[in-house]
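K.L.:
Input: one structure, supplied below.
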Amino acid sequence: MAAHDLVVRGGVVIDGNGGPARTADVAVDGDRITEVGRVSGSGRREIDADGAVVAPGFVDIHTHYDGQATWESRLQPSSWHGVTTVVMGNCGVGFAPALPEHHDRLIELMEGVEDIPGIALHEGLAWNWLDFDQYLDALDALPHDVDFATQVPHAALRVHAMGQRAAAHEEATAEEIELMAALAKAAVQAGALGFSTSRTLNHKSIGGELTPSYAAGADELVAIATAIGETGTGVLQLVSDFPEPVEEFALLRRMVAESGRPLSVTLLQFPHDIELHRRILRMLEQAWADGLPIRGQVAARSVGLILGLANTLNPFMTNPVWQRISHLPAAEQAVRMADPMLRSEILAAHTREKDRSRLGGNFIQRYQLMYELTDPPDYEPPTSESIAARAARAGIDPVELAYDILADGGMLYLTSMNYADGNLDDVHEMLVHPHTVPGLSDGGAHVGTICDGSFPTTLIQHWTRDRAGAKLELPFVVSRQSRDTARAVGLRDRGVLEPGYRADLNVIDVDGMRLHRPEVRHDLPAGGRRMVQRADGYLHTVVAGQETYTDGHPTDALPGRLIRGPQPAP
C-alpha cells in the first residue's frame, strides 16, 4: 500500500530558503508536503526527478487576470512558467465594487491601462456582482490551474463613490473618502489581500483619460490605508512616476506608518532620470531602518513594447498608405507589404508624413532602442544589434529594415525602462537589493504590446544560466520568486519545500529551459486578441498536490482556488 499520494524522487532540491541545493525526495499527501529527504515509503504517483531541479511553485504578485479569472480556468501564460499562485488587482484597476452604470467606465479603464481588449471584457464579464464580496464569490465559483488572490482597486472605489467626478479627477469630499475607506476595509475583511492604486501618467483609459486614482490626495490615500490597517491585515500596492521623489516617498512612508501595513511600489530605471532608482533604493533602506516595510517590485528585464502587424502597435500604423491595408488580417498585410511597389509607396509616405499625435506617438519610431525579436528572444540584446545600428551597417534607412522584418512576419522589441545603458546591469542591482522582490510581470495584461508573464522563466534561463554579465545563483532566484514574493503579500503557507507547506512545486530541466518568441492568438471572448509565450523545461508543475502541467501540456487537474486573505505559516 502506498505511503504517500505523491513522491518526487531523487531531484536536486532547491527548497526556497536560499540555501544550497541537495539531492532529496519530496513526499506529498493531500495538498501538503509531508517529507523532504530520503523518503522510504512509495507514492501512489511517483515522479523521477533525477538530474532535474525540484523547486517550490513560483508566486507572481503582480498580474491582471481580474477578468480572465471569471471566465477562464487556465491562467495562461503564467501557469506555463512555473507559477502556481498569482496576485491580481494591481495598479488600482479592477472590476469591483461595480454598479451597473459603472461597468463601461471600468472596462474602458482596464482596456486603456492594461491593454486588454474591450470587446473581450464586454463579452466575458458576467457582472454577477455588485460589491467586492460578491466578486470574490464569482471568482471562487470556477476552478483554476493556479491559486489566485486579488486586491481592491482604487479606481473602482473612486468611481463607485464619486461617479463622473472621479473621471474628472476632482478632489473627494470627506464623505466620499469615508465611503472609499469603508469599502476597502470591507473588501479586505471579505478576503482581498490588500489595496492597490496608481499615480502614473502612463495609466489612461482607452479614451485617453488619466486613471481616476491619479489625482487622489494624500489624505484620501492615508485614510484608505488606515482603514485597512484597522483589520490587522492587508498589503498596499502602488505604482508612481515619482515626479517629486522625496515628497512622493514621504506619502508612502505616511501610508505605512499610519496603517501599520506593508507596501510595495514599482521600481524601475526611468529613462528620464536614470539614477532615480538608486535614490529610491536608498529611501527603501531608510524606511526599513525606521521600521517601515516598503519593498520595491522589480522587473526581470527591460519594460518596453512588442511591435508587430498582429499587435496593438507597429511603426507604420500612422502611415497613410499602410492604413489602407490596416483592416486586413496580419498575415494578409504581410503578403501585401512584400509587394515591391507597395513597399516603395509606403516607405515614401512614411518619409513625408508621420502623425505622431496618435497612439504610440514618436516612441514607435525610436529605432536606436528597437531590436528584432528573435526566436528564441534575446532580452538583453547588444546596442550593435539595434535596428538603427544594423541599418547603418547595411547603408539603409532604419525604417526600411523595420519594414522588411514586419513584412516577413517578425516582431520588434522596443526597449524603454531598465535599458538606458543598453544592458541589464541596473536590473541586477535592483534584483539583489535586500528590500526588493521580483514583480511587474503584468500576466494577463498588455496583451497586444507586452508579454512579460514569462519573467519567472527569464530569471532562471537568463539570469542564472545564459547571461554574459553578472549572473544570479539559482537558489537565490528561487527563493526570491517563491518564498519572498509569497511573504511580501502575507502568503506564508507556500513558497518553501518543507513539511507542512503547500504542495506547490516544479520539476525543472534547467539546462533544457528555453523561452519561445511570443505568438498572437485570438482566443479571448469574442475572438479578442492576445499575446502568449511558451517555454520548454518545465517537466512537471504541481499545485496543491495535483499535477497541472506535464512538459508544458495541461492535465485535467484544476486544483487552484481563490485565496481569501493572508495565510499563516505551518
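In the C-alpha cells, the first chain shown is A, the next is B, and so on; residue numbers restart at 1 for each chain, and ligands run from 1 in the order shown.
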Using only C-alpha atoms, what does the table of segment 474-505 of chain A residues within 12 Å of segment 298-312 of chain A look like, with each row giving the shortest atom pair and its distance in Å to one decimal, sorted by chain and ascending number, as JSON lines?
P.N.:
{"residue": "A:Val477", "atom": "CA", "partner": "A:Ala300", "partner_atom": "CA", "distance": 10.6}
{"residue": "A:Arg480", "atom": "CA", "partner": "A:Val298", "partner_atom": "CA", "distance": 11.0}
{"residue": "A:Gln481", "atom": "CA", "partner": "A:Ala300", "partner_atom": "CA", "distance": 10.7}
{"residue": "A:Thr485", "atom": "CA", "partner": "A:Val298", "partner_atom": "CA", "distance": 11.2}
K.L.:
Save out the residues we just selected, C-alpha atoms, as a CSV table (one decimal), in the first residue's frame.
P.N.:
chain,number,residue,atom,x,y,z
A,477,VAL,CA,16.4,33.3,-7.7
A,480,ARG,CA,13.1,35.4,-4.4
A,481,GLN,CA,10.4,34.2,-6.8
A,485,THR,CA,7.2,37.1,-3.1
K.L.:
Would you please extract all helix (DSSP H, G or I) residues from segment 92-261 of chain A, as assigned by DSSP on the backbone, and give them as a ChimeraX atom specification?
P.N.:
/A:100-114,118-124,132-140,154-162,164-167,174-190,218-229,245-259
K.L.:
I'd like to know which of A:Glu175, A:Asp408, A:Glu209, A:Asp426 is closest to Phe270 of chain A, using only C-alpha atoms.
P.N.:
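Among A:Glu175, A:Asp408, A:Glu209, A:Asp426, it is A:Asp426 that comes nearest to Phe270 of chain A.
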K.L.:
For Glu275 of chain A, which residue among A:Gly92, A:Glu429, A:Gly234, A:Phe195 is the nearest when counting only C-alpha atoms?
P.N.:
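Among the listed residues, the smallest separation from Glu275 of chain A belongs to A:Glu429.
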K.L.:
Which parts of segment 103-153 of chain A does DSSP call strand (DSSP E or B) when run on the backbone here, written out as an MDAnalysis selection string?
P.N.:
chainID A and resid 144 147:149 152:153
K.L.:
Using only C-alpha atoms, can you tell me which of A:Val432, A:Leu193, A:Ile224, A:Cys91 comes closest to Val239 of chain A?
P.N.:
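Counting only C-alpha atoms, the residue closest to Val239 of chain A is A:Cys91.
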K.L.:
For Asp397 of chain A, which residue among A:Val7, A:Ala330, A:Leu347, A:Ala569 is the nearest when counting only C-alpha atoms?
P.N.:
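Between A:Val7, A:Ala330, A:Leu347, A:Ala569, the residue approaching Asp397 of chain A most closely is A:Leu347.
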K.L.:
Just to confirm, what's the straight-line distance from atom CA of Leu459 of chain A to atom CA of Gly296 of chain A in Å (one decimal)?
P.N.:
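Computing the Euclidean distance for atom CA of Leu459 of chain A and atom CA of Gly296 of chain A yields 16.7 Å.
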K.L.:
Could you list, as number ranges by chain, every residue within 10 Å of segment 333-343 of chain A, counting only C-alpha atoms and ignoring same-chain residues fewer than 2 positions away?
P.N.:
A: 309-310, 321-322, 324-331, 345-349, 400, 403-410
K.L.:
For Asp484 of chain A, find every residue with an atom within 9 Å (counting only C-alpha atoms), except residues of its own chain fewer than 5 positions away, and show them as a VMD selection string.
P.N.:
chain A and resid 16 to 17 59 437 to 438 479 489 495
K.L.:
Atom CA of His62 of chain A and atom CA of Met88 of chain A, how far apart in Å?
P.N.:
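Atom CA of Met88 of chain A sits 6.1 Å away from atom CA of His62 of chain A.
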K.L.:
Write out as a VMD selection string which residues come within 9 Å of Phe95 of chain A when counting only C-alpha atoms, dropping same-chain ones fewer than 5 positions away.
P.N.:
chain A and resid 66 to 67 89 103 106 to 107 110 127 132 135 152 to 153 156
K.L.:
Given only C-alpha atoms, how would the per-residue table for segment 138-234 of chain A near segment 81-84 of chain A read, listing every residue at most 12 Å away with its closest atom pair and distance in Å to one decimal, sorted by chain and number, as CSV?
P.N.:
residue,atom,partner,partner_atom,distance
A:His144,CA,A:Thr84,CA,10.2
A:Asp145,CA,A:Thr84,CA,7.7
A:Val146,CA,A:Thr84,CA,4.8
A:Asp147,CA,A:Thr84,CA,6.1
A:Phe148,CA,A:Thr84,CA,8.3
A:Ala149,CA,A:Thr84,CA,11.5
K.L.:
Need to verify the contact set: Thr548 of chain A, 8 Å, only C-alpha atoms, exclusion of same-chain residues closer than 5 positions in sequence. Can you return it as a list in words?
P.N.:
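Residues near the query, excluding close chain neighbours: Asp145, His540, Thr541, Val542, Val543, Pro554, Thr555, Asp556, Ala557, Leu558 and Pro559 of chain A.
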K.L.:
With N, CA, C and O atoms retained, could you export that selection as a PDB file, in the first residue's frame?
P.N.:
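And here's part-v5.pdb as it stands now:
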ATOM      1  N   ASP A 145      -6.148  26.537 -12.710  1.00  0.00           N
ATOM      2  CA  ASP A 145      -4.910  25.764 -12.703  1.00  0.00           C
ATOM      3  C   ASP A 145      -3.862  26.340 -11.763  1.00  0.00           C
ATOM      4  O   ASP A 145      -2.799  25.747 -11.587  1.00  0.00           O
ATOM      5  N   HIS A 540       7.345  19.108 -14.826  1.00  0.00           N
ATOM      6  CA  HIS A 540       6.132  18.850 -14.027  1.00  0.00           C
ATOM      7  C   HIS A 540       5.851  20.089 -13.181  1.00  0.00           C
ATOM      8  O   HIS A 540       6.754  20.635 -12.550  1.00  0.00           O
ATOM      9  N   THR A 541       4.595  20.499 -13.160  1.00  0.00           N
ATOM     10  CA  THR A 541       4.144  21.549 -12.248  1.00  0.00           C
ATOM     11  C   THR A 541       3.007  20.981 -11.413  1.00  0.00           C
ATOM     12  O   THR A 541       2.057  20.397 -11.953  1.00  0.00           O
ATOM     13  N   VAL A 542       3.132  21.158 -10.108  1.00  0.00           N
ATOM     14  CA  VAL A 542       2.168  20.596  -9.156  1.00  0.00           C
ATOM     15  C   VAL A 542       1.564  21.730  -8.341  1.00  0.00           C
ATOM     16  O   VAL A 542       2.288  22.578  -7.800  1.00  0.00           O
ATOM     17  N   VAL A 543       0.235  21.743  -8.252  1.00  0.00           N
ATOM     18  CA  VAL A 543      -0.497  22.729  -7.448  1.00  0.00           C
ATOM     19  C   VAL A 543      -1.352  21.974  -6.446  1.00  0.00           C
ATOM     20  O   VAL A 543      -2.124  21.088  -6.825  1.00  0.00           O
ATOM     21  N   PRO A 554      -1.188  20.803 -20.368  1.00  0.00           N
ATOM     22  CA  PRO A 554      -2.086  20.744 -19.217  1.00  0.00           C
ATOM     23  C   PRO A 554      -2.627  19.353 -18.980  1.00  0.00           C
ATOM     24  O   PRO A 554      -2.868  18.586 -19.918  1.00  0.00           O
ATOM     25  N   THR A 555      -2.789  19.019 -17.721  1.00  0.00           N
ATOM     26  CA  THR A 555      -3.508  17.810 -17.346  1.00  0.00           C
ATOM     27  C   THR A 555      -4.972  18.178 -17.132  1.00  0.00           C
ATOM     28  O   THR A 555      -5.385  19.312 -17.380  1.00  0.00           O
ATOM     29  N   ASP A 556      -5.753  17.241 -16.652  1.00  0.00           N
ATOM     30  CA  ASP A 556      -7.166  17.538 -16.369  1.00  0.00           C
ATOM     31  C   ASP A 556      -7.362  18.184 -15.001  1.00  0.00           C
ATOM     32  O   ASP A 556      -8.466  18.634 -14.682  1.00  0.00           O
ATOM     33  N   ALA A 557      -6.309  18.242 -14.194  1.00  0.00           N
ATOM     34  CA  ALA A 557      -6.446  18.742 -12.821  1.00  0.00           C
ATOM     35  C   ALA A 557      -6.568  20.259 -12.795  1.00  0.00           C
ATOM     36  O   ALA A 557      -5.796  20.964 -13.453  1.00  0.00           O
ATOM     37  N   LEU A 558      -7.526  20.743 -12.032  1.00  0.00           N
ATOM     38  CA  LEU A 558      -7.715  22.180 -11.814  1.00  0.00           C
ATOM     39  C   LEU A 558      -7.883  22.419 -10.315  1.00  0.00           C
ATOM     40  O   LEU A 558      -8.972  22.766  -9.836  1.00  0.00           O
ATOM     41  N   PRO A 559      -6.802  22.265  -9.549  1.00  0.00           N
ATOM     42  CA  PRO A 559      -6.912  22.373  -8.090  1.00  0.00           C
ATOM     43  C   PRO A 559      -6.805  23.797  -7.557  1.00  0.00           C
ATOM     44  O   PRO A 559      -6.947  24.013  -6.358  1.00  0.00           O
TER      45      PRO A 559
END
K.L.:
May I ask for the distance between atom CA of Asn314 of chain A and atom CA of Pro398 of chain A, given in Å to one decimal place?
P.N.:
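Calculated distance between atom CA of Asn314 of chain A and atom CA of Pro398 of chain A is 13.8 Å.
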K.L.:
Which of these, A:Gly528, A:Gly229, A:Pro456, A:Gly217, has the shortest distance to Gly118 of chain A once you count only C-alpha atoms?
P.N.:
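Looking only at the distances to Gly118 of chain A, the closest residue turns out to be A:Gly528.
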K.L.:
Set the distance at 10 Å and use only C-alpha atoms: which residues neighbour Leu201 of chain A once local chain neighbours fewer than 6 positions away are removed? I'd like the list as JSON, numbers by chain.
P.N.:
{"A": [209, 210, 211, 214, 240, 241]}
K.L.:
Just write the chosen residues, N, CA and C atoms, as a PDB file, in the first residue's frame.
P.N.:
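The file below, selection_29.pdb, is the result:
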ATOM      1  N   GLU A 209      -8.217  59.347 -20.912  1.00  0.00           N
ATOM      2  CA  GLU A 209      -8.329  59.999 -19.603  1.00  0.00           C
ATOM      3  C   GLU A 209      -7.390  59.329 -18.610  1.00  0.00           C
ATOM      4  N   LEU A 210      -6.725  60.122 -17.779  1.00  0.00           N
ATOM      5  CA  LEU A 210      -5.885  59.568 -16.725  1.00  0.00           C
ATOM      6  C   LEU A 210      -6.725  58.727 -15.781  1.00  0.00           C
ATOM      7  N   THR A 211      -6.139  57.673 -15.250  1.00  0.00           N
ATOM      8  CA  THR A 211      -6.850  56.821 -14.304  1.00  0.00           C
ATOM      9  C   THR A 211      -7.389  57.657 -13.143  1.00  0.00           C
ATOM     10  N   TYR A 214      -5.232  58.892 -10.162  1.00  0.00           N
ATOM     11  CA  TYR A 214      -4.005  59.672 -10.341  1.00  0.00           C
ATOM     12  C   TYR A 214      -4.003  60.928  -9.465  1.00  0.00           C
ATOM     13  N   SER A 240       4.029  54.556  -9.280  1.00  0.00           N
ATOM     14  CA  SER A 240       4.195  56.008  -9.330  1.00  0.00           C
ATOM     15  C   SER A 240       5.299  56.377 -10.302  1.00  0.00           C
ATOM     16  N   ASP A 241       5.205  57.575 -10.876  1.00  0.00           N
ATOM     17  CA  ASP A 241       6.282  58.128 -11.699  1.00  0.00           C
ATOM     18  C   ASP A 241       7.348  58.823 -10.848  1.00  0.00           C
TER      19      ASP A 241
END
